[in-house]
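Next comes upload03.cif, with mmCIF, C-alpha atoms and all ligand atoms.
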data_work
#
loop_
_atom_site.label_atom_id
_atom_site.label_comp_id
_atom_site.auth_asym_id
_atom_site.auth_seq_id
_atom_site.Cartn_x
_atom_site.Cartn_y
_atom_site.Cartn_z
CA MET A 1 26.06 -9.51 9.31
CA ALA A 2 24.97 -6.02 10.33
CA ARG A 3 23.17 -4.10 7.62
CA THR A 4 24.38 -0.77 6.39
CA VAL A 5 21.60 1.77 6.81
CA TYR A 6 21.21 5.42 5.85
CA LEU A 7 20.56 8.12 8.45
CA ASN A 8 20.64 11.87 7.74
CA GLY A 9 23.41 11.86 5.16
CA GLU A 10 25.48 8.98 6.54
CA TYR A 11 25.83 5.30 5.78
CA LEU A 12 26.22 3.46 9.10
CA PRO A 13 26.13 -0.05 10.51
CA GLU A 14 22.57 -0.58 11.82
CA THR A 15 23.90 -0.87 15.38
CA GLU A 16 25.34 2.64 15.21
CA ALA A 17 22.36 4.46 13.72
CA SER A 18 20.20 6.15 16.34
CA VAL A 19 17.47 8.77 16.41
CA SER A 20 16.67 11.21 19.24
CA ILE A 21 13.99 10.39 21.82
CA PHE A 22 12.50 13.79 20.89
CA ASP A 23 12.03 12.79 17.28
CA ARG A 24 8.42 13.56 16.29
CA GLY A 25 8.23 10.28 14.43
CA PHE A 26 8.73 8.54 17.78
CA LEU A 27 6.61 10.87 19.94
CA MET A 28 3.74 11.67 17.57
CA ALA A 29 3.90 9.37 14.53
CA ASP A 30 4.67 12.63 12.70
CA GLY A 31 6.27 11.07 9.68
CA VAL A 32 5.69 9.37 6.36
CA TYR A 33 7.23 6.36 4.69
CA GLU A 34 7.63 4.42 1.46
CA VAL A 35 8.48 0.81 0.71
CA THR A 36 10.07 0.04 -2.64
CA SER A 37 10.66 -3.52 -3.75
CA VAL A 38 13.93 -4.74 -5.19
CA LEU A 39 13.98 -7.55 -7.74
CA GLY A 40 17.27 -8.79 -9.13
CA GLY A 41 19.08 -5.88 -7.47
CA ARG A 42 16.92 -3.26 -9.18
CA LEU A 43 14.17 -0.96 -7.89
CA VAL A 44 10.56 -1.47 -8.90
CA ASP A 45 8.52 1.66 -9.67
CA PHE A 46 10.96 4.01 -7.93
CA ALA A 47 9.57 7.12 -9.62
CA GLY A 48 6.05 6.36 -8.38
CA HIS A 49 7.22 5.95 -4.79
CA ALA A 50 9.25 9.18 -4.95
CA LYS A 51 6.22 11.09 -6.26
CA ARG A 52 3.93 9.72 -3.56
CA LEU A 53 6.55 10.56 -0.91
CA GLU A 54 6.52 14.18 -2.06
CA ARG A 55 2.72 14.22 -2.05
CA SER A 56 2.56 12.79 1.51
CA LEU A 57 5.18 15.26 2.76
CA ASN A 58 3.48 18.26 1.15
CA ALA A 59 0.10 17.24 2.59
CA LEU A 60 1.72 17.52 6.04
CA ASP A 61 3.60 20.79 5.35
CA MET A 62 6.97 19.13 4.88
CA LYS A 63 9.28 19.40 1.89
CA MET A 64 11.18 16.71 0.02
CA PRO A 65 14.48 16.50 1.92
CA MET A 66 16.41 16.05 -1.34
CA THR A 67 15.88 15.63 -5.07
CA GLU A 68 14.41 12.46 -6.54
CA GLU A 69 17.81 11.74 -8.14
CA ALA A 70 19.61 11.99 -4.78
CA LEU A 71 17.02 9.70 -3.24
CA LEU A 72 17.47 7.19 -6.05
CA GLU A 73 21.23 7.26 -5.50
CA ILE A 74 20.77 6.42 -1.78
CA HIS A 75 18.45 3.53 -2.65
CA ARG A 76 21.00 2.18 -5.12
CA GLU A 77 23.90 2.65 -2.73
CA LEU A 78 22.03 0.65 -0.07
CA VAL A 79 21.36 -2.12 -2.58
CA ARG A 80 25.09 -2.18 -3.41
CA ARG A 81 26.40 -1.97 0.15
CA ASN A 82 24.03 -4.71 1.37
CA ASP A 83 24.35 -6.90 -1.68
CA LEU A 84 20.58 -6.93 -1.95
CA GLU A 85 19.19 -9.19 -4.65
CA ASP A 86 15.49 -9.48 -3.71
CA GLY A 87 13.84 -7.53 -0.92
CA LEU A 88 12.57 -4.15 0.15
CA ILE A 89 13.89 -0.70 0.86
CA TYR A 90 12.10 1.07 3.69
CA LEU A 91 12.29 4.87 3.77
CA GLN A 92 10.97 7.10 6.52
CA VAL A 93 10.96 10.88 6.80
CA THR A 94 9.84 12.52 10.04
CA ARG A 95 9.46 16.14 11.12
CA GLY A 96 12.71 15.79 13.05
CA ALA A 97 13.77 16.21 16.66
CA PRO A 98 13.11 19.68 18.09
CA GLY A 99 14.76 18.87 21.43
CA ASP A 100 11.52 18.85 23.44
CA ARG A 101 7.92 17.67 23.13
CA ASP A 102 5.42 20.17 21.76
CA PHE A 103 2.26 19.82 19.66
CA ILE A 104 3.24 22.87 17.59
CA PHE A 105 5.32 22.02 14.52
CA PRO A 106 8.96 23.07 14.92
CA ASP A 107 10.50 25.60 12.56
CA PRO A 108 11.97 23.57 9.67
CA ALA A 109 14.84 26.08 9.43
CA THR A 110 16.15 24.95 12.83
CA THR A 111 14.75 21.40 13.00
CA PRO A 112 15.75 19.41 9.92
CA LEU A 113 13.68 16.41 8.86
CA THR A 114 14.94 12.99 9.92
CA VAL A 115 15.62 10.72 6.94
CA VAL A 116 16.12 6.98 7.47
CA LEU A 117 16.44 4.19 4.92
CA PHE A 118 17.18 0.52 5.44
CA THR A 119 17.04 -2.68 3.42
CA GLN A 120 15.12 -5.86 4.18
CA SER A 121 16.36 -8.95 2.41
CA LYS A 122 13.58 -11.27 1.16
CA PRO A 123 15.13 -14.01 -0.96
CA ASN A 124 12.75 -15.11 -3.74
CA LEU A 125 10.34 -12.28 -2.92
CA ALA A 126 8.43 -12.91 -6.16
CA ASP A 127 8.10 -16.60 -5.49
CA SER A 128 6.36 -16.74 -2.11
CA PRO A 129 4.36 -19.80 -1.01
CA GLU A 130 1.52 -17.45 0.05
CA ALA A 131 1.10 -16.25 -3.51
CA LYS A 132 0.87 -19.84 -4.72
CA ARG A 133 -1.80 -20.90 -2.24
CA GLY A 134 -3.72 -17.58 -1.96
CA LEU A 135 -4.69 -15.66 1.17
CA LYS A 136 -7.47 -15.98 3.71
CA VAL A 137 -8.81 -12.64 4.90
CA ILE A 138 -11.23 -11.55 7.58
CA SER A 139 -13.17 -8.30 7.66
CA ILE A 140 -12.75 -5.73 10.41
CA GLU A 141 -14.18 -2.26 10.96
CA ASP A 142 -12.02 0.52 9.50
CA ILE A 143 -11.42 2.89 12.42
CA ARG A 144 -8.38 4.71 10.99
CA TRP A 145 -8.18 8.50 10.57
CA GLY A 146 -9.67 10.32 7.56
CA ARG A 147 -6.49 10.92 5.51
CA ARG A 148 -5.45 7.41 4.58
CA ASP A 149 -4.14 8.75 1.28
CA ILE A 150 -1.17 10.18 3.21
CA LYS A 151 1.29 7.39 3.86
CA THR A 152 1.97 8.15 7.53
CA VAL A 153 3.72 5.90 10.02
CA GLN A 154 0.57 5.66 12.17
CA LEU A 155 0.34 1.92 11.64
CA LEU A 156 -1.02 0.77 14.99
CA TYR A 157 -4.49 -0.15 13.76
CA PRO A 158 -3.25 -1.96 10.62
CA SER A 159 -0.85 -3.81 12.89
CA MET A 160 -3.73 -4.74 15.23
CA GLY A 161 -5.71 -5.83 12.18
CA LYS A 162 -2.97 -8.27 11.17
CA MET A 163 -2.99 -9.64 14.73
CA MET A 164 -6.78 -10.07 14.62
CA ALA A 165 -6.38 -11.94 11.34
CA LYS A 166 -3.68 -14.14 12.80
CA ALA A 167 -5.80 -14.92 15.87
CA ALA A 168 -8.63 -15.95 13.53
CA GLY A 169 -6.34 -18.27 11.55
CA ALA A 170 -6.30 -15.92 8.54
CA ASP A 171 -3.51 -14.10 6.71
CA ASP A 172 -4.81 -10.56 6.62
CA ALA A 173 -7.80 -8.29 7.19
CA TRP A 174 -9.91 -6.18 4.84
CA MET A 175 -11.24 -3.04 6.47
CA VAL A 176 -14.88 -2.01 6.10
CA GLU A 177 -16.41 1.43 6.51
CA ASP A 178 -20.11 2.25 6.03
CA GLY A 179 -20.59 -1.30 4.80
CA LYS A 180 -17.98 -1.05 2.04
CA VAL A 181 -14.45 -2.42 1.86
CA THR A 182 -11.83 0.33 1.99
CA GLU A 183 -8.59 -1.68 1.64
CA GLY A 184 -6.41 -4.34 3.24
CA THR A 185 -4.26 -3.54 6.29
CA SER A 186 -1.26 -2.96 4.00
CA ASN A 187 -2.60 -3.42 0.49
CA ASN A 188 -5.37 -2.46 -1.92
CA ALA A 189 -8.32 -4.83 -2.32
CA TYR A 190 -9.97 -6.11 -5.53
CA ILE A 191 -12.65 -8.52 -6.64
CA VAL A 192 -13.30 -10.04 -10.07
CA LYS A 193 -16.84 -10.71 -11.30
CA ASP A 194 -17.77 -11.84 -14.83
CA GLY A 195 -14.32 -10.80 -16.06
CA ARG A 196 -14.49 -7.29 -14.58
CA ILE A 197 -11.88 -6.13 -12.10
CA ILE A 198 -13.50 -4.07 -9.34
CA THR A 199 -11.58 -1.91 -6.86
CA ARG A 200 -12.49 1.10 -4.74
CA GLU A 201 -12.02 4.50 -6.39
CA LEU A 202 -9.25 6.84 -5.19
CA SER A 203 -10.13 9.31 -2.42
CA HIS A 204 -8.91 10.24 1.06
CA ASP A 205 -10.32 6.88 2.24
CA ILE A 206 -7.51 4.69 0.87
CA LEU A 207 -3.83 4.78 0.10
CA HIS A 208 -3.19 5.44 -3.58
CA GLY A 209 -1.19 2.30 -4.16
CA ILE A 210 1.71 2.53 -6.57
CA THR A 211 1.15 -1.14 -7.42
CA ARG A 212 -2.58 -0.42 -7.88
CA ALA A 213 -1.82 2.26 -10.49
CA ALA A 214 0.54 -0.04 -12.40
CA VAL A 215 -1.76 -3.06 -12.25
CA LEU A 216 -4.81 -1.11 -13.46
CA ARG A 217 -2.72 0.29 -16.32
CA PHE A 218 -1.50 -3.18 -17.31
CA ALA A 219 -5.04 -4.59 -17.00
CA GLU A 220 -6.39 -1.97 -19.39
CA GLU A 221 -3.51 -2.52 -21.81
CA ALA A 222 -4.44 -6.23 -21.77
CA GLN A 223 -8.06 -5.29 -22.65
CA MET A 224 -9.37 -6.34 -19.22
CA LYS A 225 -12.34 -4.37 -17.90
CA VAL A 226 -11.76 -2.26 -14.80
CA GLU A 227 -14.47 -0.73 -12.61
CA GLU A 228 -13.38 1.70 -9.88
CA ARG A 229 -16.09 1.55 -7.21
CA SER A 230 -16.55 0.28 -3.70
CA PHE A 231 -17.99 -3.15 -2.87
CA THR A 232 -19.35 -4.98 0.17
CA ILE A 233 -17.97 -8.09 1.86
CA GLU A 234 -21.07 -9.99 0.64
CA GLU A 235 -20.35 -8.98 -2.96
CA ALA A 236 -16.73 -10.06 -2.50
CA GLN A 237 -17.80 -13.43 -1.08
CA ALA A 238 -19.95 -13.96 -4.18
CA ALA A 239 -17.20 -12.87 -6.58
CA ASP A 240 -15.33 -15.20 -8.96
CA GLU A 241 -11.97 -14.10 -7.59
CA ALA A 242 -10.36 -11.63 -5.24
CA PHE A 243 -6.83 -10.31 -4.85
CA ILE A 244 -4.66 -7.67 -3.24
CA THR A 245 -1.81 -5.50 -4.49
CA SER A 246 1.14 -3.89 -2.73
CA ALA A 247 4.81 -3.19 -3.38
CA SER A 248 5.82 -6.19 -1.28
CA SER A 249 3.14 -8.70 -2.32
CA PHE A 250 2.77 -7.55 -5.97
CA VAL A 251 -0.54 -9.18 -6.97
CA THR A 252 -1.63 -11.93 -4.57
CA ALA A 253 -4.87 -13.90 -4.78
CA VAL A 254 -7.38 -14.02 -1.94
CA ILE A 255 -9.16 -17.36 -1.69
CA GLN A 256 -11.27 -16.97 1.43
CA ILE A 257 -13.19 -14.05 2.97
CA ASP A 258 -14.64 -14.38 6.48
CA GLY A 259 -14.60 -18.17 6.13
CA VAL A 260 -16.33 -18.22 2.71
CA THR A 261 -14.20 -19.89 0.04
CA LEU A 262 -14.15 -18.28 -3.42
CA GLY A 263 -14.53 -20.67 -6.34
CA GLU A 264 -12.26 -23.68 -6.00
CA GLY A 265 -10.24 -22.10 -3.20
CA VAL A 266 -7.16 -21.62 -5.37
CA PRO A 267 -5.73 -18.48 -7.01
CA GLY A 268 -7.96 -17.55 -9.96
CA PRO A 269 -6.89 -16.97 -13.57
CA VAL A 270 -7.27 -13.16 -13.55
CA ALA A 271 -5.18 -12.73 -10.39
CA GLN A 272 -2.55 -15.13 -11.71
CA ARG A 273 -2.35 -13.42 -15.08
CA LEU A 274 -2.10 -9.96 -13.53
CA ARG A 275 0.62 -11.16 -11.18
CA GLN A 276 2.59 -12.55 -14.10
CA ILE A 277 2.18 -9.40 -16.21
CA TYR A 278 3.03 -7.16 -13.26
CA LEU A 279 6.20 -9.09 -12.41
CA GLU A 280 7.37 -9.26 -16.02
CA GLU A 281 6.75 -5.57 -16.66
CA SER A 282 8.23 -4.52 -13.31
CA ARG A 283 11.42 -6.50 -13.87
CA ALA A 284 11.76 -5.04 -17.35
CA ARG A 285 11.27 -1.46 -16.13
CA ALA A 286 13.18 -1.69 -12.82
CA VAL A 287 16.02 0.81 -12.34
N1 LIG A 301 -3.00 0.38 1.29
C1 LIG A 301 -2.32 0.44 2.45
C2 LIG A 301 -3.06 0.78 3.70
C3 LIG A 301 -0.94 0.16 2.48
O1 LIG A 301 -0.27 0.22 3.65
C4 LIG A 301 -0.29 -0.20 1.28
C5 LIG A 301 1.17 -0.56 1.26
N2 LIG A 301 1.97 0.37 1.85
C6 LIG A 301 -1.03 -0.24 0.09
C7 LIG A 301 -2.38 0.06 0.14
C8 LIG A 301 -0.38 -0.60 -1.23
O2 LIG A 301 0.41 0.45 -1.70
P1 LIG A 301 1.66 0.16 -2.65
O3 LIG A 301 1.13 -0.59 -3.82
O4 LIG A 301 2.14 1.51 -3.03
O5 LIG A 301 2.63 -0.63 -1.86
#
Using structure tokens, write down the structure that the file contains.
Amino acid sequence: MARTVYLNGEYLPETEASVSIFDRGFLMADGVYEVTSVLGGRLVDFAGHAKRLERSLNALDMKMPMTEEALLEIHRELVRRNDLEDGLIYLQVTRGAPGDRDFIFPDPATTPLTVVLFTQSKPNLADSPEAKRGLKVISIEDIRWGRRDIKTVQLLYPSMGKMMAKAAGADDAWMVEDGKVTEGTSNNAYIVKDGRIITRELSHDILHGITRAAVLRFAEEAQMKVEERSFTIEEAQAADEAFITSASSFVTAVIQIDGVTLGEGVPGPVAQRLRQIYLEESRARAV
């Protein structure tokens, strides 16, 4: 069955939604995105995603194309029209289609932003086999641009990173810059040592994960110790546990890093507890 998607004010069958070849998202990766998870037909952390969208847009001289309430209504309408129980809502905003290719930004008064949203159904999203067994990751050099805090659609290198991981028989890659882990290809990275949760501090070097913010808040509420600092692959390999967070994977344990198995090679107690707390709290607060 064809999905119903949203494009510039209209709900359309996916086969009828099309964007200009001059769209700057297509020509220049001049756009930003958000992914919000849906559990039991309700949106997880919508307000956080809307705030980060505004921040990404403003950092690139674009404005929110509508109010947060209007955006929420579109998300909900897509959930309804597609009967979405568990899955994701992908949202992308680009600088629009000026009708020709030019490096100079078009005038927003004459070139409106392009706004696209679509659903991705993922039955039992919170119950994935990967989360039960834990992930194997490899390390790769982080050669992305310097504003990774802006959630742009320039995802070629992260996509290549996933392919490198796959070729190496792993699930994902952690990126390393100046000897320190920045983040996963599509998630934030953590280690656990002697009961302390360690994750890189916020800066332009990493995406400010919405799941990261929630998980660190829940960890502190549960009296767990959190240290925001960078770490090396060697420190991670010697850690008691490791895990990642993202809107689509929630909290997922990492059990192997560059071929070195952590502990018993199964998801550790801290990662499992945080996953459980995160899922419970997210379901309770979903809108
Ligand atoms: N880092 C990167 C590079 C990502 O692509 C993502 C997911 N979009 C994250 C971190 C996690 O962010 P969030 O928890 O908001 O999904």
(request) Could you give me, as a list in words, the residues within 10 Å of Ala97 (chain A), counting only C-alpha atoms and dropping anything in the same chain fewer than 4 positions from it? (result)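 In the requested form, the answer reads Val19, Ser20, Ile21, Phe22, Asp23, Arg24, Gly25, Phe26, Leu27, Arg101, Pro106, Thr110, Thr111, Pro112, Leu113 and Thr114 of chain A.
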Please report as a Markdown table every residue of chain A lying within 6 Å of ligand LIG 301 (chain A), along with the nearest atom pair and their distance in Å (one decimal), using all atoms listed in the file.
| residue | atom | partner | partner_atom | distance |
| --- | --- | --- | --- | --- |
| A:Glu183 | CA | A:LIG301 | N1 | 6.0 |
| A:Thr185 | CA | A:LIG301 | C2 | 5.2 |
| A:Ser186 | CA | A:LIG301 | O1 | 3.3 |
| A:Asn187 | CA | A:LIG301 | C7 | 3.5 |
| A:Asn188 | CA | A:LIG301 | C7 | 4.4 |
| A:Leu207 | CA | A:LIG301 | N1 | 4.6 |
| A:Gly209 | CA | A:LIG301 | O2 | 3.5 |
| A:Ile210 | CA | A:LIG301 | O4 | 3.7 |
| A:Thr211 | CA | A:LIG301 | O3 | 3.6 |
| A:Arg212 | CA | A:LIG301 | O3 | 5.5 |
| A:Thr245 | CA | A:LIG301 | O3 | 5.8 |
| A:Ser246 | CA | A:LIG301 | O3 | 3.5 |
| A:Ala247 | CA | A:LIG301 | O5 | 3.7 |
(request) Rank nothing, just name the residue among A:Ile197, A:Ile244, A:Ala214, A:Val254 nearest to Val226 (chain A), using all atoms listed in the file. (result) A:Ile197
Each region 66-184 of chain A residue no farther than 10 Å from region 48-56 of chain A, nearest pair in Å, all atoms listed in the file, as CSV:
residue,atom,partner,partner_atom,distance
A:Thr67,CA,A:Ala50,CA,9.3
A:Glu68,CA,A:Ala50,CA,6.3
A:Glu69,CA,A:Ala50,CA,9.5
A:Leu71,CA,A:Ala50,CA,8.0
A:Leu72,CA,A:Ala50,CA,8.5
A:Leu91,CA,A:Leu53,CA,9.3
A:Gln92,CA,A:Leu53,CA,9.3
A:Val93,CA,A:Leu53,CA,8.9
A:Asp149,CA,A:Ser56,CA,7.8
A:Ile150,CA,A:Ser56,CA,4.9
A:Lys151,CA,A:Ser56,CA,6.0
A:Thr152,CA,A:Ser56,CA,7.6
(message) Considering all atoms listed in the file, can you say which of A:Pro123, A:Gly87, A:Gly265, A:Pro129 comes closest to Val38 (chain A)?
(response)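 Among the listed residues, the smallest separation from Val38 (chain A) belongs to A:Gly87.
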